[in-house]
file protein-v8.cif (mmCIF, C-alpha atoms)
data_coords
#
loop_
_atom_site.label_atom_id
_atom_site.label_comp_id
_atom_site.auth_asym_id
_atom_site.auth_seq_id
_atom_site.Cartn_x
_atom_site.Cartn_y
_atom_site.Cartn_z
CA MET A 28 -71.68 49.03 88.15
CA THR A 29 -67.88 49.04 88.31
CA THR A 30 -66.19 47.38 85.34
CA LEU A 31 -63.04 45.30 85.64
CA PRO A 32 -60.71 47.80 83.84
CA SER A 33 -61.91 50.68 86.01
CA GLY A 34 -61.39 48.56 89.12
CA PHE A 35 -57.82 47.80 88.08
CA ALA A 36 -57.20 51.48 87.34
CA ARG A 37 -58.57 52.48 90.75
CA ALA A 38 -56.42 49.88 92.49
CA ARG A 39 -53.36 51.02 90.55
CA ARG A 40 -53.92 54.63 91.56
CA TRP A 41 -54.36 53.61 95.19
CA LEU A 42 -51.15 51.58 95.18
CA ARG A 43 -49.30 54.49 93.53
CA ASP A 44 -50.53 56.81 96.26
CA HIS A 45 -49.53 54.30 98.99
CA PRO A 46 -46.11 52.91 97.99
CA LEU A 47 -45.37 51.46 101.44
CA ALA A 48 -48.50 49.31 101.29
CA PHE A 49 -47.47 48.08 97.84
CA ASP A 50 -43.98 47.20 99.07
CA ALA A 51 -45.43 45.34 102.07
CA ALA A 52 -47.70 43.33 99.76
CA LEU A 53 -44.75 42.61 97.45
CA ALA A 54 -42.61 41.48 100.40
CA PHE A 55 -45.37 39.12 101.55
CA CYS A 56 -45.67 37.62 98.05
CA VAL A 57 -41.88 37.14 97.86
CA LEU A 58 -41.91 35.44 101.28
CA ILE A 59 -44.61 33.02 100.13
CA ALA A 60 -42.66 32.29 96.94
CA MET A 61 -39.43 31.67 98.89
CA ILE A 62 -41.15 29.33 101.38
CA CYS A 63 -42.80 27.38 98.57
CA GLY A 64 -39.47 27.13 96.76
CA SER A 65 -37.76 25.86 99.91
CA PHE A 66 -39.91 22.71 99.79
CA ALA A 67 -38.57 21.84 96.33
CA ASP A 68 -35.65 19.45 95.98
CA PRO A 69 -33.55 20.18 92.88
CA GLY A 70 -32.85 16.48 92.49
CA LYS A 71 -30.69 14.85 89.89
CA GLY A 72 -33.38 13.75 87.48
CA HIS A 73 -35.50 15.66 85.05
CA GLY A 74 -36.49 18.47 87.41
CA PRO A 75 -37.24 19.46 91.00
CA THR A 76 -39.55 17.43 93.18
CA PHE A 77 -41.78 18.74 95.96
CA GLY A 78 -42.43 17.20 99.34
CA THR A 79 -39.13 15.40 99.64
CA ARG A 80 -37.59 17.96 102.02
CA THR A 81 -38.60 20.70 104.43
CA PRO A 82 -36.75 23.98 105.12
CA GLU A 83 -34.73 24.34 108.25
CA ALA A 84 -35.68 26.83 110.93
CA PHE A 85 -32.58 28.90 110.21
CA SER A 86 -33.58 29.13 106.52
CA VAL A 87 -37.09 30.24 107.47
CA LEU A 88 -35.61 32.94 109.69
CA LEU A 89 -33.39 34.15 106.86
CA MET A 90 -36.32 34.24 104.46
CA VAL A 91 -38.47 36.23 106.90
CA LEU A 92 -35.68 38.75 107.51
CA ALA A 93 -34.98 39.15 103.78
CA ALA A 94 -38.68 39.62 102.95
CA SER A 95 -39.09 42.11 105.79
CA ALA A 96 -36.21 44.19 104.47
CA LEU A 97 -38.02 44.58 101.12
CA VAL A 98 -40.66 46.77 102.79
CA LEU A 99 -38.05 49.56 102.90
CA ARG A 100 -36.66 48.99 99.41
CA ARG A 101 -37.75 52.43 98.07
CA ARG A 102 -36.46 54.52 100.97
CA HIS A 103 -33.19 52.65 101.54
CA SER A 104 -32.47 50.73 98.36
CA MET A 105 -28.72 50.24 98.87
CA PRO A 106 -28.94 49.05 102.50
CA VAL A 107 -31.79 46.69 101.60
CA LEU A 108 -29.69 45.23 98.78
CA ALA A 109 -26.75 44.77 101.14
CA VAL A 110 -28.95 43.05 103.75
CA THR A 111 -30.71 40.70 101.32
CA GLY A 112 -27.45 39.91 99.50
CA GLY A 113 -25.74 39.13 102.78
CA LEU A 114 -28.60 36.87 103.92
CA ALA A 115 -28.55 35.03 100.58
CA ALA A 116 -24.78 34.51 100.86
CA VAL A 117 -25.18 33.18 104.41
CA GLU A 118 -27.81 30.76 103.15
CA TYR A 119 -25.47 29.48 100.42
CA ILE A 120 -22.58 29.10 102.86
CA PHE A 121 -24.31 27.32 105.77
CA ILE A 122 -27.33 25.50 104.29
CA ASP A 123 -27.22 22.73 101.73
CA PRO A 124 -29.37 22.56 99.71
CA PRO A 125 -30.07 26.30 100.18
CA ALA A 126 -33.49 27.92 100.33
CA PRO A 127 -34.22 30.51 97.61
CA VAL A 128 -33.38 33.57 99.75
CA VAL A 129 -31.74 34.99 96.63
CA MET A 130 -35.22 35.89 95.32
CA SER A 131 -35.31 38.85 97.72
CA THR A 132 -31.88 39.93 96.46
CA VAL A 133 -33.18 39.92 92.88
CA ILE A 134 -36.02 42.31 93.84
CA ALA A 135 -33.65 44.58 95.79
CA LEU A 136 -31.16 44.67 92.89
CA TYR A 137 -33.95 45.59 90.47
CA THR A 138 -34.97 48.47 92.78
CA VAL A 139 -31.41 49.80 92.95
CA ALA A 140 -31.02 49.63 89.15
CA SER A 141 -34.32 51.44 88.55
CA ARG A 142 -33.53 54.27 90.97
CA THR A 143 -29.84 55.01 90.30
CA ASP A 144 -27.70 55.81 87.27
CA ARG A 145 -26.22 53.31 84.84
CA PRO A 146 -22.62 53.29 86.15
CA THR A 147 -23.87 52.58 89.66
CA THR A 148 -26.08 49.79 88.30
CA TRP A 149 -23.12 48.20 86.50
CA ARG A 150 -20.87 48.32 89.55
CA VAL A 151 -23.46 47.12 92.08
CA GLY A 152 -24.90 44.51 89.71
CA LEU A 153 -21.54 42.95 88.86
CA LEU A 154 -20.53 42.89 92.53
CA THR A 155 -23.79 41.23 93.59
CA MET A 156 -23.69 38.68 90.77
CA GLY A 157 -20.08 37.82 91.50
CA ILE A 158 -20.52 37.35 95.25
CA LEU A 159 -23.68 35.24 95.05
CA THR A 160 -22.53 33.14 92.08
CA VAL A 161 -19.19 32.37 93.69
CA ALA A 162 -20.89 31.49 97.00
CA ALA A 163 -23.29 29.13 95.22
CA MET A 164 -20.54 27.44 93.21
CA VAL A 165 -18.00 27.09 96.02
CA PHE A 166 -20.13 26.15 99.01
CA GLY A 167 -22.86 24.13 97.31
CA SER A 168 -22.83 20.37 96.96
CA THR A 169 -23.83 20.49 93.32
CA PRO A 170 -21.24 20.91 90.53
CA TRP A 171 -20.25 24.48 89.83
CA TYR A 172 -21.79 24.32 86.38
CA SER A 173 -25.20 23.16 87.62
CA GLN A 174 -28.28 25.01 86.45
CA GLU A 175 -29.03 26.24 89.98
CA ASN A 176 -25.69 28.08 90.14
CA LEU A 177 -26.01 29.46 86.63
CA GLY A 178 -29.57 30.50 87.49
CA VAL A 179 -28.24 32.76 90.27
CA PHE A 180 -26.02 34.52 87.73
CA ALA A 181 -28.84 34.81 85.19
CA TRP A 182 -31.52 36.10 87.58
CA THR A 183 -29.30 38.76 89.16
CA GLY A 184 -28.14 39.89 85.71
CA MET A 185 -31.72 40.13 84.42
CA ALA A 186 -32.73 42.12 87.50
CA SER A 187 -30.01 44.69 86.79
CA ALA A 188 -30.94 44.91 83.10
CA ALA A 189 -34.68 45.21 83.80
CA GLY A 190 -34.16 47.91 86.42
CA ASP A 191 -31.91 49.91 84.08
CA ALA A 192 -34.46 49.62 81.26
CA VAL A 193 -37.27 50.86 83.51
CA ARG A 194 -35.12 53.78 84.68
CA SER A 195 -34.24 54.71 81.08
CA ARG A 196 -37.88 54.59 79.99
CA ARG A 197 -38.95 56.66 82.98
CA ALA A 198 -36.29 59.26 82.17
CA PHE A 199 -37.38 59.29 78.51
CA VAL A 200 -41.03 59.84 79.43
CA ASP A 201 -40.08 62.59 81.88
CA ALA A 202 -37.97 64.29 79.20
CA ILE A 203 -40.85 64.17 76.71
CA ARG A 204 -43.25 65.55 79.31
CA GLU A 205 -40.84 68.32 80.28
CA ARG A 206 -40.28 69.19 76.61
CA ALA A 207 -44.01 69.36 76.01
CA GLU A 208 -44.51 71.60 79.03
CA ARG A 209 -41.66 73.85 77.92
CA ALA A 210 -43.13 74.07 74.42
CA GLU A 211 -46.50 74.96 75.90
CA ARG A 212 -44.92 77.67 78.04
CA THR A 213 -43.05 78.98 75.00
CA ARG A 214 -46.26 79.14 72.98
CA GLU A 215 -48.01 81.01 75.77
CA GLU A 216 -45.13 83.46 76.11
CA GLU A 217 -45.04 83.99 72.34
CA ALA A 218 -48.79 84.59 72.31
CA ARG A 219 -48.49 87.11 75.14
CA ARG A 220 -45.62 88.85 73.35
CA ARG A 221 -47.59 89.10 70.12
CA VAL A 222 -50.62 90.44 71.99
CA ALA A 223 -48.45 93.07 73.68
CA GLU A 224 -46.90 94.09 70.35
CA GLU A 225 -50.32 94.34 68.72
CA ARG A 226 -51.68 96.41 71.60
CA LEU A 227 -48.70 98.75 71.33
CA ARG A 228 -49.14 99.12 67.58
CA ILE A 229 -52.85 99.86 67.91
CA ALA A 230 -52.11 102.34 70.69
CA ARG A 231 -49.65 104.15 68.44
CA ASP A 232 -52.16 104.29 65.59
CA LEU A 233 -54.91 105.58 67.85
CA HIS A 234 -52.57 108.21 69.30
CA ASP A 235 -51.55 109.38 65.85
CA VAL A 236 -55.14 109.64 64.65
CA VAL A 237 -56.56 111.31 67.75
CA ALA A 238 -53.64 113.69 68.37
CA HIS A 239 -53.60 114.93 64.79
CA HIS A 240 -57.26 115.36 64.04
CA ILE A 241 -58.39 116.52 67.46
CA ALA A 242 -55.64 119.15 67.46
CA LEU A 243 -56.91 120.41 64.11
CA VAL A 244 -60.50 120.37 65.34
CA ASN A 245 -59.46 122.34 68.42
CA VAL A 246 -57.64 124.97 66.37
CA GLN A 247 -60.43 125.42 63.81
CA ALA A 248 -63.09 125.50 66.50
CA GLY A 249 -61.14 128.25 68.28
CA VAL A 250 -60.87 130.22 65.03
CA ALA A 251 -64.60 129.84 64.41
CA ALA A 252 -65.47 131.02 67.90
CA HIS A 253 -63.14 134.01 67.54
CA VAL A 254 -64.49 135.30 64.21
CA MET A 255 -68.11 134.15 64.51
CA ASP A 256 -69.53 137.63 65.15
CA LYS A 257 -67.34 139.78 62.91
CA ARG A 258 -66.47 137.47 59.99
CA PRO A 259 -69.14 134.76 59.63
CA ASP A 260 -67.80 133.60 56.25
CA GLN A 261 -64.42 132.74 57.76
CA ALA A 262 -66.21 131.06 60.68
CA LYS A 263 -68.16 128.87 58.24
CA GLU A 264 -64.92 127.92 56.50
CA ALA A 265 -63.34 126.99 59.84
CA LEU A 266 -66.37 124.88 60.77
CA ALA A 267 -66.14 123.14 57.41
CA HIS A 268 -62.53 122.24 58.23
CA VAL A 269 -63.73 120.98 61.62
CA ARG A 270 -66.25 118.75 59.88
CA ASP A 271 -63.65 117.39 57.43
CA ALA A 272 -61.13 116.72 60.20
CA SER A 273 -63.70 114.96 62.37
CA ARG A 274 -64.84 112.86 59.42
CA SER A 275 -61.24 111.86 58.68
CA ALA A 276 -60.72 111.00 62.34
CA LEU A 277 -63.81 108.81 62.39
CA ASN A 278 -62.75 107.04 59.20
CA GLU A 279 -59.24 106.30 60.50
CA LEU A 280 -60.62 105.18 63.85
CA ARG A 281 -63.02 102.86 62.05
CA VAL A 282 -60.13 101.36 60.08
CA THR A 283 -57.99 100.95 63.20
CA VAL A 284 -60.76 99.45 65.31
CA GLY A 285 -61.71 97.23 62.39
CA LEU A 286 -58.43 95.42 62.86
CA LEU A 287 -59.81 94.15 66.16
CA ARG A 288 -62.75 92.41 64.55
CA GLN A 289 -63.01 88.65 64.72
CA SER A 290 -62.86 86.62 61.55
CA GLY A 291 -66.62 85.96 61.71
CA ASP A 292 -67.69 89.59 62.03
CA PRO A 293 -69.88 90.74 59.15
CA GLU A 294 -67.89 93.84 58.25
CA ALA A 295 -64.19 94.27 57.69
CA PRO A 296 -62.20 97.43 56.95
CA THR A 297 -61.80 98.09 53.25
CA GLU A 298 -60.11 101.49 53.29
CA PRO A 299 -56.34 101.30 52.79
CA ALA A 300 -53.99 102.60 55.44
CA PRO A 301 -52.69 106.13 54.84
CA GLY A 302 -49.28 106.68 53.30
CA LEU A 303 -47.14 109.16 51.43
CA ALA A 304 -49.55 109.02 48.52
CA VAL A 305 -51.87 111.27 50.53
CA LEU A 306 -49.09 113.48 51.93
CA ASP A 307 -50.47 116.52 50.09
CA GLU A 308 -53.85 116.07 51.75
CA LEU A 309 -52.17 115.80 55.16
CA VAL A 310 -50.16 118.98 54.56
CA ALA A 311 -53.31 120.76 53.36
CA THR A 312 -55.06 120.09 56.67
CA PHE A 313 -52.25 121.80 58.56
CA ARG A 314 -52.21 124.73 56.15
CA ASN A 315 -55.95 125.15 56.68
CA ALA A 316 -55.27 125.15 60.44
CA GLY A 317 -52.92 128.10 60.03
CA LEU A 318 -49.54 126.36 59.94
CA PRO A 319 -47.48 127.19 56.84
CA VAL A 320 -45.93 123.92 55.63
CA GLU A 321 -43.52 123.66 52.72
CA VAL A 322 -42.77 120.30 51.07
CA VAL A 323 -39.27 120.76 49.69
CA GLY A 324 -38.69 117.17 48.69
CA ALA A 325 -41.18 114.34 48.34
CA ASP A 326 -39.54 111.45 46.53
CA ARG A 327 -42.43 108.98 46.65
CA ALA A 328 -41.66 106.82 43.64
CA PRO A 329 -41.32 103.93 43.58
CA ARG A 330 -43.85 103.26 46.29
CA LEU A 331 -42.47 102.18 49.67
CA PRO A 332 -43.53 98.93 51.37
CA ALA A 333 -46.81 99.24 53.25
CA ALA A 334 -45.31 99.20 56.75
CA VAL A 335 -42.58 101.71 55.84
CA ASP A 336 -45.05 103.92 53.98
CA LEU A 337 -47.38 104.02 56.96
CA ALA A 338 -44.51 104.72 59.38
CA ALA A 339 -43.27 107.63 57.24
CA TYR A 340 -46.77 109.09 57.08
CA ARG A 341 -47.26 108.77 60.84
CA VAL A 342 -43.88 110.37 61.59
CA ILE A 343 -44.73 113.40 59.44
CA GLN A 344 -48.23 113.60 60.90
CA GLU A 345 -47.04 113.48 64.51
CA ALA A 346 -44.17 115.91 63.90
CA LEU A 347 -46.45 118.50 62.25
CA THR A 348 -49.04 118.02 64.99
CA ASN A 349 -46.41 118.80 67.60
CA VAL A 350 -45.28 121.84 65.62
CA ARG A 351 -48.85 123.12 65.54
CA LYS A 352 -49.33 122.51 69.26
CA HIS A 353 -46.01 123.72 70.64
CA ALA A 354 -44.09 125.87 68.16
CA GLY A 355 -46.02 129.10 68.59
CA ALA A 356 -48.17 131.29 66.39
CA ASP A 357 -45.56 132.35 63.81
CA ALA A 358 -43.94 128.97 63.26
CA ARG A 359 -43.32 127.52 59.83
CA ALA A 360 -42.59 123.88 58.99
CA GLU A 361 -40.65 122.14 56.25
CA VAL A 362 -41.06 118.49 55.19
CA SER A 363 -38.78 116.41 53.00
CA VAL A 364 -38.92 112.76 51.91
CA VAL A 365 -35.77 111.50 50.17
CA ARG A 366 -34.77 108.03 48.99
CA VAL A 367 -31.07 107.36 49.74
CA GLY A 368 -29.95 103.94 48.54
CA THR A 369 -31.90 101.29 50.44
CA THR A 370 -33.33 103.77 52.94
CA ALA A 371 -35.90 106.54 53.02
CA GLU A 372 -35.09 109.67 55.04
CA ILE A 373 -37.92 111.72 56.53
CA THR A 374 -37.12 115.19 57.85
CA VAL A 375 -39.47 117.69 59.49
CA LEU A 376 -38.04 121.11 60.47
CA ASP A 377 -39.62 124.12 62.12
CA ASN A 378 -38.46 127.55 63.26
CA GLY A 379 -40.82 127.91 66.20
CA ARG A 380 -39.92 129.38 69.55
CA GLY A 381 -42.50 127.47 71.56
CA SER A 382 -43.72 127.93 75.10
CA ALA A 383 -42.01 127.55 78.47
CA ALA A 384 -41.61 123.85 77.85
CA ARG A 385 -39.04 124.56 75.15
CA SER A 386 -37.10 127.27 76.90
CA PRO A 387 -33.31 126.86 76.86
CA GLY A 388 -33.20 126.47 80.60
CA ALA A 389 -35.44 123.41 80.48
CA ALA A 390 -32.92 121.32 78.63
CA SER A 391 -31.26 120.16 81.81
CA GLY A 392 -34.16 117.93 82.81
CA GLY A 393 -33.15 114.59 84.23
CA SER A 394 -35.17 112.42 81.82
CA ASP A 395 -35.09 111.94 78.12
CA PRO A 396 -37.51 114.35 76.49
CA ALA A 397 -38.23 111.84 73.80
CA ASP A 398 -40.49 109.87 76.08
CA GLY A 399 -42.57 112.89 76.96
CA THR A 400 -41.64 112.83 80.64
CA GLY A 401 -38.81 115.35 80.61
CA THR A 402 -38.69 119.08 80.12
CA GLY A 403 -36.32 119.19 77.21
CA THR A 404 -35.83 122.10 74.87
CA GLY A 405 -37.59 122.03 71.55
CA THR A 406 -40.89 122.25 69.82
CA GLN A 407 -41.90 118.66 70.20
CA ALA A 408 -40.46 117.84 73.56
CA GLY A 409 -42.95 119.74 75.53
CA GLY A 410 -45.05 116.84 76.69
CA THR A 411 -45.28 118.13 80.24
CA GLY A 412 -44.82 121.76 79.51
CA SER A 413 -47.95 122.03 77.41
CA PRO A 414 -51.27 121.55 79.05
CA ASP A 415 -52.67 119.69 76.09
CA GLY A 416 -49.62 117.57 75.39
CA GLY A 417 -50.04 113.86 75.80
CA GLY A 418 -46.35 113.18 76.23
CA HIS A 419 -46.21 110.07 74.00
CA GLY A 420 -45.71 111.55 70.51
CA LEU A 421 -41.95 111.24 70.16
CA LEU A 422 -41.92 107.94 72.02
CA GLY A 423 -44.50 106.53 69.61
CA MET A 424 -42.53 107.76 66.60
CA ARG A 425 -39.33 106.20 67.89
CA GLU A 426 -41.02 102.86 68.64
CA ARG A 427 -42.62 102.80 65.20
CA VAL A 428 -39.32 103.53 63.43
CA THR A 429 -37.12 101.17 65.45
CA ALA A 430 -39.69 98.38 65.03
CA LEU A 431 -38.90 98.51 61.30
CA GLY A 432 -35.14 98.53 61.88
CA GLY A 433 -34.69 102.26 61.36
CA ALA A 434 -33.47 105.13 63.51
CA LEU A 435 -35.01 108.39 64.65
CA THR A 436 -33.39 111.53 66.05
CA ALA A 437 -35.29 114.49 67.43
CA GLY A 438 -33.95 117.62 69.05
CA PRO A 439 -33.64 121.40 68.92
CA ARG A 440 -31.94 123.03 65.95
CA TYR A 441 -29.01 125.38 66.26
CA GLY A 442 -30.41 128.88 66.16
CA GLY A 443 -33.95 127.87 67.16
CA GLY A 444 -36.63 125.49 66.14
CA PHE A 445 -36.81 121.73 66.18
CA ARG A 446 -35.77 118.90 63.89
CA VAL A 447 -37.17 115.39 63.51
CA HIS A 448 -35.15 113.05 61.29
CA ALA A 449 -36.12 109.43 60.61
CA ILE A 450 -34.21 106.86 58.55
CA LEU A 451 -36.38 103.95 57.42
CA PRO A 452 -35.19 100.86 55.53
CA VAL A 453 -36.97 100.26 52.27
CA GLU A 454 -37.49 96.62 53.29
CA ALA A 455 -39.34 96.53 56.61
CA ARG A 456 -37.85 94.27 59.27
CA THR A 457 -40.22 91.89 61.08
CA GLY A 458 -38.39 91.32 64.34
CA GLU A 459 -38.24 92.51 67.87
CA PRO A 460 -38.12 96.29 68.21
CA GLU A 461 -34.60 97.30 69.07
CA PRO A 462 -33.95 99.88 71.74
CA PRO A 463 -32.87 103.24 70.33
CA GLY A 464 -29.18 103.94 70.31
CA PRO A 465 -27.44 106.92 71.81
CA ALA A 466 -27.89 108.91 68.59
CA ALA A 467 -31.65 108.84 69.03
CA VAL A 468 -31.69 110.80 72.28
CA THR A 469 -33.90 113.83 72.01
CA GLY A 470 -32.42 117.11 72.91
CA GLU A 471 -28.98 116.62 71.35
CA ARG A 472 -27.31 119.65 69.88
CA ARG A 473 -26.95 119.12 66.12
#
call {"tool": "encode", "arguments": {"input": "protein-v8.cif", "output": "C-alpha cells"}}
result
Amino acid sequence: MTTLPSGFARARRWLRDHPLAFDAALAFCVLIAMICGSFADPGKGHGPTFGTRTPEAFSVLLMVLAASALVLRRRHSMPVLAVTGGLAAVEYIFIDPPAPVVMSTVIALYTVASRTDRPTTWRVGLLTMGILTVAAMVFGSTPWYSQENLGVFAWTGMASAAGDAVRSRRAFVDAIRERAERAERTREEEARRRVAEERLRIARDLHDVVAHHIALVNVQAGVAAHVMDKRPDQAKEALAHVRDASRSALNELRVTVGLLRQSGDPEAPTEPAPGLAVLDELVATFRNAGLPVEVVGADRAPRLPAAVDLAAYRVIQEALTNVRKHAGADARAEVSVVRVGTTAEITVLDNGRGSAARSPGAASGGSDPADGTGTGTGTQAGGTGSPDGGGHGLLGMRERVTALGGALTAGPRYGGGFRVHAILPVEARTGEPEPPGPAAVTGERR
C-alpha cells in the first residue's frame, strides 16, 4: 500500500523529470487565479467584493496570453518576463479596474531572479517594479497611494527577493556537494598514493632480501658442488653457510610479509628490522662467501632512527651483493659508516674489474645505469650485462635514500672499481620521495 509521503515523493520526482509539464500545470493554476481575481471589485469599503463585476473580453485575452507564456518560463525566462510585463502594463493602461494580469509577471520575475546572477536580478527587478507601479499609479482611477498600487510594488519586490534567495541556496548546496565530491576524490587519490608507496617499499625490501641471500646461496652451493668429491669438509662448511643464508632469507621474508597481515590475523611479526647493529653479521656472510670485506669505519653510536638505520643497512647489503655478483673473483670491498653533523654517510668501495658489463667502452650507453637498464661502467651497473642481474639494485637504493631526504651517488672509481656513497639525514623525512638530482647519476667520473 502506497503511503502519502511516498506518493508525494514519487510525484515530486516525476515533476522534476518533466519540467515542461510542471510549468504547464503552474500556468493553468495562475490562469485560474487571475480569472477568479478579475471578478473581485476592490471597492472603497473594508475589502474587495465578489460578483459585482465581470472581466472584459480583452482582459480575458490578456490573461490567457500571459498564462500561456509561463509555459516557456524556464527556457526563455527573459522574453517571458518581457511579454508578461508588457501585457500587465497594457492592462493597467487600458482597463479600469484592471484584471490581475500582474500575477503572471510576478511568477516570471521570480524565475528570472532564480536563474540569473544578483546584479541582473537587481536591474531587471527594479525596472519591472518601476514600470508596473508607475502604470498602476498613473493610469488607474484609484489614488496613487492605494493599497492596490502599493501591492504591485510589494509583490514584484518579493518575487525578486525570493528568486535571489532560492538561487543563492541552490548555489550553496551545489558548492557543498562539489566540495564533498572533491574531498572524496582527494581521499581516494591519497589512498591510492599510499598504497603505491607501500607496494614500492615492500618491493624494495623483498628485492634486498632475495638478491642478497639467494646470491650467497648460489655462491656457496657452487663451492660445495666444486669441492664435494675432493674436499668434503669444505663442502659441508659451504652447505652450512647455505643453510644459514636460507634461514635468514626465510626469516626476513616472514617479517616483510608479516607487514601485509590484517589487524585481526592471529600472528604478527615480532622480529625487529635489521640495522647497523647487525652489520658485523652481514659482513661475515659475505666473507664466508669468499668476498674479503673490510669495515674501516662503523660509527654506530648513538643509534640512528629506525628508518635511517634500515636504509643504511639495505644500502650496504645491496652494494656488497652487487660487488659479489659483478666485481670478479679477486675483488675486495671496503665499508665505512661515519656520522657527520646531522647526517650519516655510508660508503662502499671495491677494486673489482667486473665482466663485460663494466667495460670502459660500455659507459656510453644512452640510459642511466642507475636504473639497471643501461650498460654503464662499474661493478654495480651491470644490470643487463650480467645474466643473473635483476637490474633494480641501484634504483632501489636511490629510491630508499631519497625517500628519507638523502642523496646517493654511484659510479666507477678512478683507476678501477666502483663506489657507492649515500648521505642520510639523522632525522628521517616523511614526505614525497624527491627525484634524484644531477649529482646522483650513476657513471660519473669522481
call {"tool": "atom_distance", "arguments": {"input": "protein-v8.cif", "atom1": "atom CA of A:Thr132", "atom2": "atom CA of A:Ser168"}}
result
21.6 Å
call {"tool": "residues_around", "arguments": {"input": "protein-v8.cif", "residues": "A:Ala346", "least_positions_apart": "6", "cutoff": "12 Å", "atoms": "only C-alpha atoms", "output": "count of residues only"}}
result
40
call {"tool": "residues_near_point", "arguments": {"input": "protein-v8.cif", "point": "(-59.5, 116.3, 55.0)", "cutoff": "7 Å", "atoms": "only C-alpha atoms", "output": "JSON list (two decimals) with C-alpha atoms, in the coordinates of the input"}}
result
[["chain", "number", "residue", "atom", "x", "y", "z"],
["A", 271, "ASP", "CA", -63.65, 117.39, 57.43],
["A", 272, "ALA", "CA", -61.13, 116.72, 60.20],
["A", 275, "SER", "CA", -61.24, 111.86, 58.68],
["A", 308, "GLU", "CA", -53.85, 116.07, 51.75],
["A", 312, "THR", "CA", -55.06, 120.09, 56.67]]
call {"tool": "resolve_selection", "arguments": {"input": "protein-v8.cif", "expression": "the PyMOL selection byres ((chain A and resi 97) around 7)", "output": "list in words"}}
result
Asp50, Ala54, Ala93, Ala94, Ser95, Ala96, Val98, Leu99, Arg100, Val107 and Ala135 of chain A
call {"tool": "atom_distance", "arguments": {"input": "protein-v8.cif", "atom1": "atom CA of A:Arg197", "atom2": "atom CA of A:Ala48"}}
result
21.9 Å
call {"tool": "residues_near_point", "arguments": {"input": "protein-v8.cif", "point": "(-28.8, 43.6, 86.1)", "cutoff": "10 Å", "atoms": "all atoms listed in the file", "output": "PyMOL selection string"}}
result
chain A and resi 133+136-137+139-141+148-153+155-156+180-192
call {"tool": "atom_distance", "arguments": {"input": "protein-v8.cif", "atom1": "atom CA of A:Glu372", "atom2": "atom CA of A:Ala223"}}
result
28.3 Å
call {"tool": "closest_residue", "arguments": {"input": "protein-v8.cif", "among": "A:Ala334, A:Ile120, A:Ile229, A:Ala109", "to": "A:Leu154", "atoms": "all atoms listed in the file"}}
result
A:Ala109
call {"tool": "closest_residue", "arguments": {"input": "protein-v8.cif", "among": "A:Leu337, A:Ala304, A:Ala67, A:Ala60", "to": "A:Arg427", "atoms": "all atoms listed in the file"}}
result
A:Leu337
call {"tool": "residues_around", "arguments": {"input": "protein-v8.cif", "residues": "A:Thr169", "least_positions_apart": "3", "cutoff": "12 Å", "atoms": "all atoms listed in the file", "output": "number ranges by chain"}}
result
A: 69-71, 119, 123-125, 162-166, 172-177
call {"tool": "closest_residue", "arguments": {"input": "protein-v8.cif", "among": "A:Ala116, A:Ile134, A:Ala36, A:Leu243", "to": "A:Leu58", "atoms": "all atoms listed in the file"}}
result
A:Ile134
